[in-house]
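> Dropping in target-v8.cif, with mmCIF, C-alpha atoms.
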```cif
data_work
loop_
_atom_site.label_atom_id
_atom_site.label_comp_id
_atom_site.auth_asym_id
_atom_site.auth_seq_id
_atom_site.Cartn_x
_atom_site.Cartn_y
_atom_site.Cartn_z
CA MET A 126 -51.65 4.47 27.89
CA TYR A 127 -48.18 6.02 27.76
CA SER A 128 -49.05 8.64 30.39
CA LYS A 129 -50.17 5.88 32.75
CA ILE A 130 -47.37 3.44 31.96
CA PRO A 131 -44.13 5.38 31.15
CA ILE A 132 -42.31 2.07 30.76
CA VAL A 133 -43.85 1.78 27.27
CA GLY A 134 -41.56 4.51 25.95
CA TYR A 135 -38.23 3.10 27.02
CA LEU A 136 -39.23 -0.50 26.23
CA LEU A 137 -40.07 0.55 22.67
CA LEU A 138 -36.76 2.37 22.61
CA PHE A 139 -34.97 -0.75 23.86
CA TYR A 140 -36.61 -2.88 21.17
CA ILE A 141 -35.52 -0.46 18.44
CA LEU A 142 -31.96 -0.36 19.75
CA VAL A 143 -31.42 -4.12 20.01
CA SER A 144 -33.61 -5.49 17.22
CA LYS A 145 -31.82 -6.87 14.17
CA ILE A 146 -34.68 -6.03 11.82
CA GLN A 147 -32.80 -3.11 10.29
CA ASP A 148 -29.77 -5.29 9.59
CA GLU A 149 -31.99 -7.85 7.90
CA SER A 150 -33.88 -5.35 5.77
CA ASP A 151 -33.24 -2.35 3.56
CA LEU A 152 -34.79 0.10 6.01
CA SER A 153 -33.01 3.39 6.60
CA LYS A 154 -32.54 4.66 10.16
CA ASP A 155 -35.37 7.14 9.69
CA GLU A 156 -37.71 4.38 8.53
CA TYR A 157 -36.57 2.01 11.24
CA THR A 158 -37.14 4.53 14.04
CA LEU A 159 -40.46 5.76 12.64
CA ALA A 160 -42.52 3.96 15.30
CA TYR A 161 -40.72 5.82 18.08
CA LYS A 162 -41.11 9.14 16.29
CA GLN A 163 -44.82 8.46 15.91
CA LEU A 164 -44.98 7.85 19.66
CA CYS A 165 -43.32 11.22 20.19
CA ASP A 166 -45.82 12.89 17.87
CA SER A 167 -48.74 11.30 19.69
CA ASN A 168 -47.38 12.72 22.94
CA GLY A 169 -46.82 16.14 21.36
CA LYS A 170 -43.10 16.08 22.15
CA ALA A 171 -39.92 16.49 20.16
CA VAL A 172 -37.88 13.32 19.79
CA SER A 173 -35.01 14.82 21.81
CA ILE A 174 -37.35 15.58 24.72
CA GLU A 175 -38.98 12.15 24.59
CA LEU A 176 -35.59 10.45 24.55
CA ALA A 177 -34.55 12.36 27.65
CA GLU A 178 -37.76 11.57 29.53
CA ASP A 179 -37.73 7.88 28.59
CA LEU A 180 -34.11 7.50 29.65
CA ILE A 181 -34.83 9.23 32.95
CA ALA A 182 -37.70 6.79 33.59
CA CYS A 183 -35.42 3.89 32.66
CA SER A 184 -32.64 5.09 34.97
CA ILE A 185 -35.11 5.02 37.86
CA ASP A 186 -36.58 1.60 37.02
CA ASP A 187 -33.56 -0.27 35.68
CA TYR A 188 -30.19 1.45 35.91
CA LYS A 189 -28.29 -1.31 34.11
CA LEU A 190 -30.66 -1.06 31.17
CA TYR A 191 -30.25 2.73 31.18
CA LYS A 192 -26.48 2.38 31.07
CA PHE A 193 -26.75 -0.15 28.25
CA MET A 194 -29.07 1.96 26.10
CA LEU A 195 -27.48 5.38 26.53
CA PRO A 196 -24.60 5.13 24.01
CA LYS A 197 -26.83 3.26 21.57
CA VAL A 198 -29.33 6.14 21.66
CA PHE A 199 -26.63 8.49 20.37
CA GLU A 200 -25.70 6.02 17.66
CA MET A 201 -29.27 5.34 16.50
CA PHE A 202 -30.83 8.79 17.06
CA GLY A 203 -27.81 10.94 16.27
CA LYS A 204 -29.79 13.77 14.65
CA ASN A 205 -31.98 14.12 17.72
CA ALA A 206 -29.59 13.11 20.49
CA VAL A 207 -26.35 14.91 19.64
CA GLY A 208 -26.45 18.42 21.07
CA SER A 209 -29.79 17.84 22.83
CA GLU A 210 -29.89 20.08 25.89
CA ALA A 211 -32.62 17.99 27.50
CA LEU A 212 -30.77 14.71 26.96
CA ILE A 213 -27.41 16.06 28.12
CA ALA A 214 -29.05 17.50 31.23
CA ALA A 215 -30.70 14.14 31.91
CA ILE A 216 -27.37 12.33 31.57
CA CYS A 217 -25.60 14.70 33.95
CA THR A 218 -28.40 14.40 36.51
CA HIS A 219 -29.11 10.67 36.43
CA SER A 220 -25.70 9.14 35.73
CA ASP A 221 -22.80 8.13 37.92
CA SER A 222 -19.13 8.35 37.05
CA SER A 223 -19.10 4.89 35.45
CA VAL A 224 -21.72 5.96 32.90
CA ILE A 225 -19.82 9.16 32.12
CA LEU A 226 -16.60 7.17 31.69
CA GLU A 227 -18.30 4.72 29.35
CA LEU A 228 -19.70 7.54 27.22
CA ILE A 229 -16.26 9.13 27.02
CA SER A 230 -14.83 5.77 26.00
CA TYR A 231 -17.30 5.64 23.11
CA ILE A 232 -16.23 9.17 22.15
CA PHE A 233 -12.56 8.14 22.17
CA LEU A 234 -13.41 5.21 19.90
CA GLU A 235 -15.16 7.67 17.55
CA ASN A 236 -18.48 5.89 17.93
CA LEU A 237 -20.43 8.95 19.01
CA ASP A 238 -20.39 12.66 19.82
CA ILE A 239 -22.33 14.37 22.58
CA PHE A 240 -22.18 18.02 21.48
CA ARG A 241 -22.59 19.97 18.27
CA LYS A 242 -21.14 23.39 17.58
CA GLU A 243 -24.39 25.10 16.57
CA ASN A 244 -25.89 25.12 20.07
CA PHE A 245 -22.86 24.46 22.27
CA THR A 246 -22.85 27.98 23.73
CA GLN A 247 -26.55 27.68 24.56
CA ILE A 248 -26.00 24.39 26.41
CA VAL A 249 -23.05 25.73 28.40
CA ILE A 250 -25.09 28.77 29.45
CA ALA A 251 -27.95 26.48 30.51
CA SER A 252 -25.54 24.30 32.51
CA LEU A 253 -24.46 27.26 34.63
CA ASN A 254 -27.66 26.86 36.66
CA TRP A 255 -27.23 23.12 37.26
CA ASP A 256 -26.13 21.59 40.54
CA GLY A 257 -22.42 21.28 41.18
CA TYR A 258 -22.11 17.54 40.51
CA GLU A 259 -24.11 17.93 37.28
CA GLN A 260 -21.69 20.60 36.09
CA VAL A 261 -18.74 18.35 36.93
CA TYR A 262 -20.17 15.54 34.79
CA PHE A 263 -21.02 18.04 32.05
CA TRP A 264 -17.44 19.27 31.84
CA ASN A 265 -16.16 15.69 31.96
CA LEU A 266 -18.13 15.10 28.76
CA VAL A 267 -16.91 18.36 27.22
CA MET A 268 -13.29 17.52 27.94
CA GLY A 269 -13.84 13.97 26.74
CA GLN A 270 -15.06 15.10 23.34
CA GLY A 271 -11.98 17.26 22.86
CA ILE A 272 -13.97 20.19 21.56
CA SER A 273 -12.19 22.69 19.34
CA PHE A 274 -11.02 25.85 21.13
CA ASP A 275 -13.02 28.14 18.84
CA TRP A 276 -16.26 26.69 20.25
CA PHE A 277 -15.44 28.38 23.56
CA LEU A 278 -14.76 31.88 22.21
CA PRO A 279 -18.41 33.07 22.32
CA LEU A 280 -18.47 32.20 26.04
CA PHE A 281 -15.73 34.66 26.98
CA SER A 282 -18.17 37.56 27.11
CA LYS A 283 -20.89 35.63 28.95
CA LEU A 284 -19.23 34.07 32.00
CA ASP A 285 -19.22 35.47 35.52
CA TYR A 286 -15.92 34.58 37.17
CA GLU A 287 -17.39 34.66 40.68
CA LYS A 288 -20.50 32.57 39.94
CA ASP A 289 -19.60 30.30 37.02
CA THR A 290 -16.62 28.63 38.63
CA GLN A 291 -16.76 25.24 36.91
CA ALA A 292 -17.07 26.78 33.45
CA CYS A 293 -14.34 29.34 34.07
CA PHE A 294 -11.97 26.78 35.56
CA HIS A 295 -12.28 24.33 32.68
CA ILE A 296 -12.09 27.00 29.99
CA LEU A 297 -8.91 28.34 31.60
CA LEU A 298 -7.40 24.86 31.51
CA ILE A 299 -8.37 24.49 27.86
CA MET A 300 -6.96 27.94 27.12
CA ARG A 301 -3.68 27.04 28.75
CA THR A 302 -3.25 24.16 26.32
CA HIS A 303 -4.93 25.39 23.15
CA GLY A 304 -5.29 29.17 23.43
CA GLU A 305 -3.35 31.51 21.17
CA ALA A 306 -2.62 35.19 21.61
CA ASN A 307 -4.48 36.16 18.44
CA VAL A 308 -7.31 38.56 17.60
CA GLN A 309 -10.03 35.93 17.96
CA THR A 310 -8.94 35.08 21.51
CA LEU A 311 -7.81 38.46 22.79
CA ARG A 312 -10.67 40.62 21.54
CA PRO A 313 -13.42 39.05 23.71
CA LEU A 314 -11.03 38.85 26.67
CA ILE A 315 -9.85 42.44 26.46
CA SER A 316 -13.43 43.61 25.84
CA ARG A 317 -14.53 42.38 29.27
CA THR A 318 -14.81 44.93 32.06
CA SER A 319 -11.49 46.42 33.06
CA GLY A 320 -9.98 44.52 35.97
CA ASP A 321 -12.29 41.55 35.38
CA MET A 322 -11.13 38.46 37.22
CA PHE A 323 -11.65 36.08 34.31
CA THR A 324 -9.27 38.07 32.17
CA LEU A 325 -6.66 39.06 34.70
CA ASN A 326 -7.00 37.22 37.95
CA ALA A 327 -5.03 34.19 38.94
CA LEU A 328 -5.48 30.62 37.88
CA LYS A 329 -3.92 28.60 40.65
CA VAL A 330 -3.09 25.13 39.44
CA SER A 331 -2.30 22.10 41.53
CA MET A 332 1.08 20.70 42.56
CA GLY A 333 2.26 24.06 43.85
CA ASN A 334 2.62 25.72 40.46
CA PRO A 335 2.81 29.53 40.53
CA ILE A 336 -0.20 31.74 40.07
CA GLN A 337 -0.70 32.87 36.47
CA THR A 338 -3.01 35.39 34.90
CA ILE A 339 -4.97 34.66 31.74
CA LEU A 340 -2.56 36.80 29.75
CA GLU A 341 0.37 34.82 31.13
CA ILE A 342 -1.41 31.61 30.17
CA LEU A 343 -1.60 32.89 26.60
CA ILE A 344 1.97 34.20 26.59
CA GLN A 345 4.13 31.11 26.97
CA ASP A 346 7.05 32.06 24.73
CA ASP A 347 8.50 34.86 22.60
CA GLY A 348 6.25 34.00 19.66
CA ASP A 349 3.14 34.28 21.81
CA ARG A 350 4.37 37.57 23.24
CA GLU A 351 4.93 39.05 19.79
CA LYS A 352 1.41 38.06 18.72
CA PHE A 353 0.00 39.55 21.90
CA VAL A 354 1.85 42.84 21.50
CA THR A 355 0.94 43.19 17.83
CA THR A 356 -2.73 42.45 18.45
CA ILE A 357 -3.10 44.77 21.45
CA ASN A 358 -1.20 47.53 19.65
CA ASN A 359 -3.63 47.25 16.75
CA PHE A 360 -6.59 47.41 19.13
CA MET A 361 -5.23 50.58 20.74
CA LYS A 362 -4.35 52.28 17.45
CA LYS A 363 -7.84 51.69 16.07
CA SER A 364 -9.43 52.97 19.27
CA LEU A 365 -7.16 56.02 19.29
CA ASP A 366 -8.00 56.81 15.67
CA ALA A 367 -11.70 56.51 16.53
CA LYS A 368 -11.18 58.60 19.70
CA ASN A 369 -12.83 55.85 21.72
CA PHE A 370 -11.32 56.69 25.09
CA CYS A 371 -13.97 55.58 27.57
CA GLY A 372 -16.71 54.00 25.47
CA ASP A 373 -18.91 57.08 25.67
CA LYS A 374 -22.33 56.28 24.24
CA LYS A 375 -22.33 59.67 22.52
CA SER A 376 -19.22 58.78 20.53
CA SER A 377 -19.42 58.47 16.75
CA SER A 378 -20.40 55.29 14.95
CA SER A 379 -16.72 54.71 14.16
CA THR A 380 -16.19 53.54 17.74
CA LYS A 381 -18.60 50.62 17.46
CA ASN A 382 -15.96 48.19 16.24
CA THR A 383 -13.32 49.33 18.71
CA ILE A 384 -12.63 48.61 22.36
CA PRO A 385 -12.53 51.60 24.75
CA LEU A 386 -8.93 52.51 25.47
CA SER A 387 -9.72 52.75 29.18
CA THR A 388 -10.71 49.06 29.11
CA ILE A 389 -7.56 47.96 27.29
CA LEU A 390 -5.32 50.05 29.52
CA GLY A 391 -7.11 48.73 32.60
CA HIS A 392 -6.15 45.17 31.68
CA LEU A 393 -2.57 46.18 30.88
CA ASP A 394 -2.37 48.01 34.19
CA ALA A 395 -3.46 44.84 35.97
CA LEU A 396 -0.72 43.03 34.08
CA ARG A 397 1.70 45.59 35.49
CA LYS A 398 0.39 45.21 39.04
CA PHE A 399 0.26 41.43 39.23
CA CYS A 400 2.73 40.02 36.72
CA LEU A 401 5.96 41.99 36.89
CA SER A 402 9.07 40.35 38.36
CA LYS A 403 7.93 36.83 37.49
CA PRO A 404 10.55 34.26 36.43
CA SER A 405 9.50 34.27 32.77
CA GLY A 406 9.80 38.05 32.40
CA HIS A 407 7.07 37.97 29.73
CA ALA A 408 5.10 40.84 31.27
CA GLU A 409 8.07 43.23 31.26
CA LYS A 410 9.03 42.29 27.70
CA ALA A 411 5.47 42.76 26.47
CA LEU A 412 4.79 46.05 28.26
CA LYS A 413 8.04 47.56 26.95
CA GLU A 414 6.69 47.25 23.42
CA PHE A 415 3.80 49.63 24.16
CA ASN A 416 6.06 52.59 24.96
CA GLU A 417 5.50 54.31 21.61
CA ILE A 418 1.71 54.34 21.71
CA PHE A 419 1.73 55.09 25.44
CA SER A 420 3.68 58.27 24.70
CA GLU A 421 0.65 59.38 22.67
CA LEU A 422 -1.94 58.18 25.14
CA LYS A 423 -0.42 59.94 28.13
CA GLU A 424 -1.22 63.25 26.41
CA THR A 425 -4.92 62.36 26.21
CA GLU A 426 -7.68 62.45 28.82
CA LEU A 427 -6.45 59.06 30.06
CA GLY A 428 -3.02 60.39 31.00
CA GLU A 429 -3.82 61.03 34.64
CA GLU A 430 -5.84 57.86 35.24
CA PHE A 431 -3.10 55.57 33.91
CA GLU A 432 -0.08 57.65 34.87
CA GLU A 433 1.49 54.84 36.90
CA LEU A 434 1.25 52.46 33.95
CA PHE A 435 2.81 54.96 31.55
CA VAL A 436 5.62 55.77 33.99
CA ALA A 437 6.31 52.08 34.61
CA VAL A 438 6.57 51.30 30.90
CA GLU A 439 8.79 54.33 30.34
CA ALA A 440 11.07 53.09 33.12
CA LEU A 441 11.21 49.62 31.57
CA ASN A 442 12.60 51.19 28.41
CA VAL A 443 15.45 53.00 30.17
CA PRO A 444 18.78 51.47 29.03
CA PRO A 445 20.66 49.44 31.67
CA GLY A 446 22.88 51.60 33.85
CA LYS A 447 20.89 54.75 33.21
CA LYS A 448 18.52 55.98 35.89
CA SER A 449 14.94 56.78 35.00
CA SER A 450 13.81 60.33 35.60
CA LYS A 451 10.59 58.93 37.04
CA LYS A 452 9.91 56.40 39.73
CA LEU A 453 8.80 52.93 38.62
CA CYS A 454 5.47 52.14 40.27
#
```
Will you turn the file into C-alpha cells for me?


Amino acid sequence: MYSKIPIVGYLLLFYILVSKIQDESDLSKDEYTLAYKQLCDSNGKAVSIELAEDLIACSIDDYKLYKFMLPKVFEMFGKNAVGSEALIAAICTHSDSSVILELISYIFLENLDIFRKENFTQIVIASLNWDGYEQVYFWNLVMGQGISFDWFLPLFSKLDYEKDTQACFHILLIMRTHGEANVQTLRPLISRTSGDMFTLNALKVSMGNPIQTILEILIQDDGDREKFVTTINNFMKKSLDAKNFCGDKKSSSSTKNTIPLSTILGHLDALRKFCLSKPSGHAEKALKEFNEIFSELKETELGEEFEELFVAVEALNVPPGKKSSKKLC
C-alpha cells in the first residue's frame, strides 16, 4: 500500500507530530513513535531514510505542511534526524530560504540541532557534489548552528580550493573569527601541498578590504604571531631532527609524524612572496624569528631551492642603518 500511496508515510508522520496522545499518557518518545518505526521496518528502510523520503513527498504535495512538520521532526525524532545525511540533503534540495530561516530560528532558540560531530566531516564531503544552491543552504544551516571550530579541522586536508569553493569560502570566514595559530590548526594547513591555494592564497572579502592569506587571517596580533612562530619552529626542528627534507618514502619511520621541510618552507616562501610590505607588518615580524633555524637549513639539500627565502629573512634581521651583504628578494 505504501509503495502505491506514498502519502501514507507523511500523514502517519503528521499524526505522530501533532497528536496529544503522548502528553496524555506515560509513553516515552520511543514507544510513541513505534508505529512509524514499524512502517520503516516493513519498507526495509532506516528511519532517517524514511523521514527524508516522506518529507520530500510532502514537500511536493503540500509545501505548507512540509514547512510545518520539518522542525517538529527534529524535535520528535532527534536520534534519527540530527546528523542524517539523507534528511539534510532533502532539506537543502526541497526547501526555500524561508524554511532555512525558520530552521535556523529554531536553532537559535535551542529547540533543535541539525548536525552532530560524529559524522559532520562525512556530510560536508558529501555536500561537495551537490548543486550550488543546495550548498548555499547547507552552509546557511552550518553557520546557523554555530558549530565549534574543531569540527572543521579534519576538513583541512580534504578540500580542493579550486573545486570546493563554497566549503572553502565558509571555512575561511569561520577561521577568520575563530581560528587560532596553534598546533591543531596549523598542522593540517601546513601539511597541505606546498603553495596550495587554500593555505596561502588570498581571501578577498567584501567592502574593499585588502586581500589576506590564510596565515594572515590566523595572525591578527602579536600573540597570534608568537604562537605561529613557536609552532612552525617546532615543526621544522622535529623534521630536521628526523631528516625529513622532502618526504622521501624511503626515509626512516621517524619521519612519519613530521612534515617535510620542503612543504613547510614552501608555505613560508609564499608568505614572503605575497605578504611582505603589508600595513600590519606581521609577515616580516614572523619571518624574522626563523633566522636561527634557517641558518641551519641553508646548509642542507634545501639550501639552493629556498635560497631567496633564506636571504630575505637574513636581510630582515639586519639592524637598521646597516646594509645587508645580500640582496633582499

> Counting all atoms listed in the file, note down every residue that has an atom within 8 Å of the point (-29.0, 22.2, 30.5) (file coordinates), as number ranges by chain.

A: 210-211, 213-214, 248-255

> Would you be able to write out as a compact mmCIF listing (two decimals) with C-alpha atoms, in the frame of the given file which residues have an atom within 9 Å of (4.3, 44.5, 28.1) in the file's coordinates, counting only C-alpha atoms?


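File produced: part-v4.txt:
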```
# COMPACT_ATOMS: atom_id res chain seq x y z
CA ARG A 350 4.37 37.57 23.24
CA VAL A 354 1.85 42.84 21.50
CA LEU A 393 -2.57 46.18 30.88
CA LEU A 396 -0.72 43.03 34.08
CA ARG A 397 1.70 45.59 35.49
CA HIS A 407 7.07 37.97 29.73
CA ALA A 408 5.10 40.84 31.27
CA GLU A 409 8.07 43.23 31.26
CA LYS A 410 9.03 42.29 27.70
CA ALA A 411 5.47 42.76 26.47
CA LEU A 412 4.79 46.05 28.26
CA LYS A 413 8.04 47.56 26.95
CA GLU A 414 6.69 47.25 23.42
CA PHE A 415 3.80 49.63 24.16
CA ASN A 416 6.06 52.59 24.96
CA VAL A 438 6.57 51.30 30.90
```

> Starting from the displayed file, determine the output of the PyMOL selection byres ((chain A and resi 304-318) around 6) and express the residue list as a PyMOL selection string.

chain A and resi 281+300-301+303+319+321+324+343+349+352-353

> Those same residues - C-alpha atoms - I'd like them written as a tab-separated table (two decimals), keeping the file's coordinate frame.


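Generated output (part-v6.tsv):
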```
chain	number	residue	atom	x	y	z
A	281	PHE	CA	-15.73	34.66	26.98
A	300	MET	CA	-6.96	27.94	27.12
A	301	ARG	CA	-3.68	27.04	28.75
A	303	HIS	CA	-4.93	25.39	23.15
A	319	SER	CA	-11.49	46.42	33.06
A	321	ASP	CA	-12.29	41.55	35.38
A	324	THR	CA	-9.27	38.07	32.17
A	343	LEU	CA	-1.60	32.89	26.60
A	349	ASP	CA	3.14	34.28	21.81
A	352	LYS	CA	1.41	38.06	18.72
A	353	PHE	CA	0.00	39.55	21.90
```

> I need the residue nearest Gly406 (chain A) from this list: A:Asp221, A:Glu227, A:Glu200, A:Asp346. Use all atoms listed in the file for the distance.

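Smallest separation from Gly406 (chain A) among the options: A:Asp346.
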
> Kindly give the distance, in Å, that separates CA of Met322 (chain A) and CA of Tyr286 (chain A), rounded to a single decimal.

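Taking CA of Met322 (chain A) as the start and CA of Tyr286 (chain A) as the end point, the length is 6.2 Å.
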
> Just give me the gap between CA of Gln291 (chain A) and CA of Leu212 (chain A) in Å, one decimal is fine.

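Separation of CA of Gln291 (chain A) and CA of Leu212 (chain A): 20.2 Å.
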
> Report the residues retrieved by the PyMOL selection byres ((chain A and resi 201) around 10) from the displayed file, expressed as a ChimeraX atom specification.

/A:141-142,154-155,157-158,196-200,202-206,237

> What separation in Å, quoted to one decimal, exists between CA of Leu266 (chain A) and CA of Asp289 (chain A)?

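Spanning CA of Leu266 (chain A) to CA of Asp289 (chain A) is a straight-line distance of 17.4 Å.
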
> Determine, counting only C-alpha atoms, which protein, DNA and RNA residues have an atom within 8 Å of an atom of region 366-373 of chain A; residues of the same chain fewer than 5 positions away are not included. Present the result as a PyMOL selection string.

chain A and resi 379-380+383-388+426-427

> Of the candidates A:Ile229, A:Val207, A:Leu422, A:Glu439, which one gets nearest to Ser173 (chain A) if we count all atoms listed in the file?

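Closest to Ser173 (chain A) of all the choices is A:Val207.
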
> Could you give me, as an MDAnalysis selection string, the residues within 12 Å of Gln247 (chain A), counting only C-alpha atoms and dropping anything in the same chain fewer than 6 positions from it?

chainID A and resid 208:211 240:241 253 276:277 279:280 283

> How would you write, as a PDB file with C-alpha atoms, in the coordinates of the input, the residues chosen by the PyMOL selection byres ((chain A and resi 180-192) around 7) on this structure?


```
ATOM      1  CA  TYR A 135     -38.230   3.100  27.020  1.00  0.00           C
ATOM      2  CA  LEU A 176     -35.590  10.450  24.550  1.00  0.00           C
ATOM      3  CA  ALA A 177     -34.550  12.360  27.650  1.00  0.00           C
ATOM      4  CA  GLU A 178     -37.760  11.570  29.530  1.00  0.00           C
ATOM      5  CA  ASP A 179     -37.730   7.880  28.590  1.00  0.00           C
ATOM      6  CA  PHE A 193     -26.750  -0.150  28.250  1.00  0.00           C
ATOM      7  CA  MET A 194     -29.070   1.960  26.100  1.00  0.00           C
ATOM      8  CA  LEU A 195     -27.480   5.380  26.530  1.00  0.00           C
ATOM      9  CA  ALA A 215     -30.700  14.140  31.910  1.00  0.00           C
ATOM     10  CA  HIS A 219     -29.110  10.670  36.430  1.00  0.00           C
ATOM     11  CA  VAL A 224     -21.720   5.960  32.900  1.00  0.00           C
TER      12      VAL A 224
END
```

> Write out as JSON an axis-aligned box for region 247-258 of chain A: all of its atoms listed in the file, 3 Å added on each side, centre and edge lengths in Å with one decimal.


```
{"center_x": -25.0, "center_y": 23.2, "center_z": 32.9, "size_x": 11.8, "size_y": 17.2, "size_z": 22.6}
```

> Between A:Val143, A:Leu138, A:Leu401, A:Met268, which residue has the minimum interatomic distance to Leu226 (chain A), considering all atoms listed in the file?

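Nearest to Leu226 (chain A): A:Met268.
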
> Counting only C-alpha atoms, which of A:Phe323, A:Phe431, A:Phe294, A:Tyr161 gets nearest to Val261 (chain A)?

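Distance minimum relative to Val261 (chain A) lands on A:Phe294.
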
> Return region 354-369 of chain A, completed with N, CA and C atoms, as a PDB file, in the frame of the given file.


```pdb
ATOM      1  N   VAL A 354       1.499  41.423  21.635  1.00  0.00           N
ATOM      2  CA  VAL A 354       1.850  42.840  21.500  1.00  0.00           C
ATOM      3  C   VAL A 354       1.278  43.421  20.215  1.00  0.00           C
ATOM      4  N   THR A 355       1.439  42.708  19.118  1.00  0.00           N
ATOM      5  CA  THR A 355       0.940  43.190  17.830  1.00  0.00           C
ATOM      6  C   THR A 355      -0.574  43.373  17.860  1.00  0.00           C
ATOM      7  N   THR A 356      -1.266  42.396  18.416  1.00  0.00           N
ATOM      8  CA  THR A 356      -2.730  42.450  18.450  1.00  0.00           C
ATOM      9  C   THR A 356      -3.226  43.591  19.337  1.00  0.00           C
ATOM     10  N   ILE A 357      -2.661  43.717  20.534  1.00  0.00           N
ATOM     11  CA  ILE A 357      -3.100  44.770  21.450  1.00  0.00           C
ATOM     12  C   ILE A 357      -2.741  46.150  20.899  1.00  0.00           C
ATOM     13  N   ASN A 358      -1.581  46.259  20.276  1.00  0.00           N
ATOM     14  CA  ASN A 358      -1.200  47.530  19.650  1.00  0.00           C
ATOM     15  C   ASN A 358      -2.210  47.934  18.580  1.00  0.00           C
ATOM     16  N   ASN A 359      -2.635  46.968  17.789  1.00  0.00           N
ATOM     17  CA  ASN A 359      -3.630  47.250  16.750  1.00  0.00           C
ATOM     18  C   ASN A 359      -4.953  47.686  17.359  1.00  0.00           C
ATOM     19  N   PHE A 360      -5.358  47.019  18.440  1.00  0.00           N
ATOM     20  CA  PHE A 360      -6.590  47.410  19.130  1.00  0.00           C
ATOM     21  C   PHE A 360      -6.500  48.872  19.577  1.00  0.00           C
ATOM     22  N   MET A 361      -5.370  49.224  20.196  1.00  0.00           N
ATOM     23  CA  MET A 361      -5.230  50.580  20.740  1.00  0.00           C
ATOM     24  C   MET A 361      -5.148  51.624  19.639  1.00  0.00           C
ATOM     25  N   LYS A 362      -4.461  51.320  18.549  1.00  0.00           N
ATOM     26  CA  LYS A 362      -4.350  52.280  17.450  1.00  0.00           C
ATOM     27  C   LYS A 362      -5.715  52.560  16.823  1.00  0.00           C
ATOM     28  N   LYS A 363      -6.506  51.504  16.638  1.00  0.00           N
ATOM     29  CA  LYS A 363      -7.840  51.690  16.070  1.00  0.00           C
ATOM     30  C   LYS A 363      -8.727  52.499  17.010  1.00  0.00           C
ATOM     31  N   SER A 364      -8.622  52.228  18.293  1.00  0.00           N
ATOM     32  CA  SER A 364      -9.430  52.970  19.270  1.00  0.00           C
ATOM     33  C   SER A 364      -8.985  54.420  19.356  1.00  0.00           C
ATOM     34  N   LEU A 365      -7.678  54.647  19.252  1.00  0.00           N
ATOM     35  CA  LEU A 365      -7.160  56.020  19.290  1.00  0.00           C
ATOM     36  C   LEU A 365      -7.606  56.793  18.060  1.00  0.00           C
ATOM     37  N   ASP A 366      -7.546  56.156  16.902  1.00  0.00           N
ATOM     38  CA  ASP A 366      -8.000  56.810  15.670  1.00  0.00           C
ATOM     39  C   ASP A 366      -9.483  57.159  15.745  1.00  0.00           C
ATOM     40  N   ALA A 367     -10.259  56.274  16.406  1.00  0.00           N
ATOM     41  CA  ALA A 367     -11.700  56.510  16.530  1.00  0.00           C
ATOM     42  C   ALA A 367     -12.041  57.390  17.731  1.00  0.00           C
ATOM     43  N   LYS A 368     -10.997  57.782  18.490  1.00  0.00           N
ATOM     44  CA  LYS A 368     -11.180  58.600  19.700  1.00  0.00           C
ATOM     45  C   LYS A 368     -12.127  57.922  20.699  1.00  0.00           C
ATOM     46  N   ASN A 369     -12.008  56.612  20.779  1.00  0.00           N
ATOM     47  CA  ASN A 369     -12.830  55.850  21.720  1.00  0.00           C
ATOM     48  C   ASN A 369     -12.033  55.682  23.014  1.00  0.00           C
TER      49      ASN A 369
END
```
